[in-house]
Amino acid sequence: MTLQEWVEAGAQALRRGPHPERARADAEFLLRFLLNQERAALLARWTERLDENEAGRYREMLARRRAGEPIQYITGETEFYGLPFRVTPAVLIPRPETEHLVEKVLLLCRDMVQPRILDIGTGSGAIAVALAHELHEATVTAIDISAEAIAIARENAARNRAAVRFLQGDLLAPVTGERFDVVASNPPYVSSADRDSLAVEVRDHEPHSALFAGFDGLAIFRRLIPQALDGINPGGYVVLEIGYDQRDSIHGLLSASGFENIEFIPDLQGIARVAVGRRP
């Protein structure tokens with residue numbers, strides 16, 4: 001078959017998957033990735049054929065996508081804050097919404113001299129690497145409980161020439177006794193009751209330990225917020241990504257722990273996505 005025929009056949013197969021509306025685009029994207037071709041170059045080769053090895057790999061990629069596996073896991077690549085990141089099923093795929101958190105931390109650090117930043121639950125390292133890449137004068141530390149995640153995050157830091165100290169452990173335990181100017185986190189915040197409402201890509205393929213946080217999605221926040229207060233310098237900040245319906249609950253947890261000047265940053269849909277609190 002020609003490349004055009006492969007894409008058409010791939011699209012036909014993906015129309016029987018969970019996202020038929022993206023079938024044609026996904027089939028073409030996967031072939032472009034396989035051949036490392038921009039779209040114009042691919043179209044110029046439209047009548048060429050795949051060799052046996054390429055055909056086998058393309059069939060495998062289509063089968064994985066048809067089963068609902070995210071494109072990012074199939075290719076092992078994604079982009080966050082304009083930077084390339086490697087991702088595997090051991091880490092969450094960075095979302096555009098999390099860029100709001102990065103932007104808020106950058107704004108808070110604008111007038112700080114050599115800020116000390118801590119990223120809790122770093123996963124792929126997206127937040128820590130983006131901040132270290134933008135703030136060369138900052139000292140950035142990132143923690144995750146997963147050894148696999150730490151390994152991937154280290155790789156992403158090296159790839160983007162970002163200086164980040166990585167530590168394995170639970171929440172702030174690895175930095176007991178240290179103090180930071182900003183503690184940032186995109187922790188698990190999905191309610192276990194919402195599992196069935198998630199897209200198949202998320203529900204069946206992304207790591208549950210990085211998604212779910214008890215019956216109301218607040219289990220990690222209840223532990224993290226008090227620990228963050230103890231780990232922040234006076235006048236420093238905690239910056240958290242939160243769920244779409246958690247604004248009031250997070251405000252209560254931040255206030256009860258002693259944070260002041262609490263504010264919420266909306267995403268592009270106007271939903272409170274990032275919570276910020278200041279330690280007095």
# chains A, B, ... in the order shown; residues from 1 in each chain; ligands from 1
>>> closest_atom_pairs(of="range 222-268 of chain A", to="range 87-102 of chain A", cutoff="12 Å", atoms="only C-alpha atoms", output="Markdown table")
| residue | atom | partner | partner_atom | distance |
| --- | --- | --- | --- | --- |
| A:Val238 | CA | A:Leu101 | CA | 10.6 |
| A:Val239 | CA | A:Leu101 | CA | 6.9 |
| A:Leu240 | CA | A:Leu101 | CA | 7.2 |
| A:Glu241 | CA | A:Leu101 | CA | 6.6 |
| A:Ile242 | CA | A:Thr98 | CA | 9.8 |
| A:Gly243 | CA | A:Glu97 | CA | 10.9 |
| A:Tyr244 | CA | A:Glu97 | CA | 11.3 |
| A:Phe264 | CA | A:Leu101 | CA | 10.4 |
| A:Ile265 | CA | A:His100 | CA | 7.5 |
| A:Pro266 | CA | A:His100 | CA | 8.2 |
| A:Asp267 | CA | A:Glu97 | CA | 6.4 |
| A:Leu268 | CA | A:Glu97 | CA | 8.2 |
>>> residues_around(residues="range 49-54 of chain A", least_positions_apart="2", cutoff="12 Å", atoms="only C-alpha atoms", output="list in words")
Met1, Thr2, Leu3, Gln4, Glu5, Trp6, Val7, Leu30, Leu31, Arg32, Phe33, Leu34, Leu35, Asn36, Leu42, Arg45, Trp46, Thr47, Gly56, Arg57, Tyr58, Arg59, Glu60 and Met61 of chain A
>>> closest_residue(among="A:Ala40, A:Ala142, A:Ala256, A:Ala63", to="Asp119 in chain A", atoms="only C-alpha atoms")
A:Ala142
>>> residues_around(residues="Glu8 in chain A", least_positions_apart="6", cutoff="10 Å", atoms="only C-alpha atoms", output="list in words")
Thr2, Leu14, Ala23, Arg24, Ala27 and Glu28 of chain A
>>> closest_residue(among="A:Leu108, A:Ile250, A:Ile271, A:Ala228", to="Thr176 in chain A", atoms="only C-alpha atoms")
A:Ala228
>>> closest_residue(among="A:Gly236, A:Gly125, A:Gly10, A:Pro187", to="Phe212 in chain A", atoms="only C-alpha atoms")
A:Pro187
>>> residues_around(residues="Ala163 in chain A", least_positions_apart="5", cutoff="12 Å", atoms="only C-alpha atoms", output="JSON, numbers by chain")
{"A": [117, 125, 128, 129, 130, 131, 132, 133, 134, 135, 136, 137, 138, 139, 140, 141, 142, 153, 154, 155, 156, 157, 158]}
>>> closest_residue(among="A:Ile74, A:Ala272, A:Ala55, A:Leu224", to="Asp26 in chain A", atoms="only C-alpha atoms")
A:Ile74
>>> atom_distance(atom1="CA of Val183 in chain A", atom2="CA of Asp111 in chain A")
16.4 Å
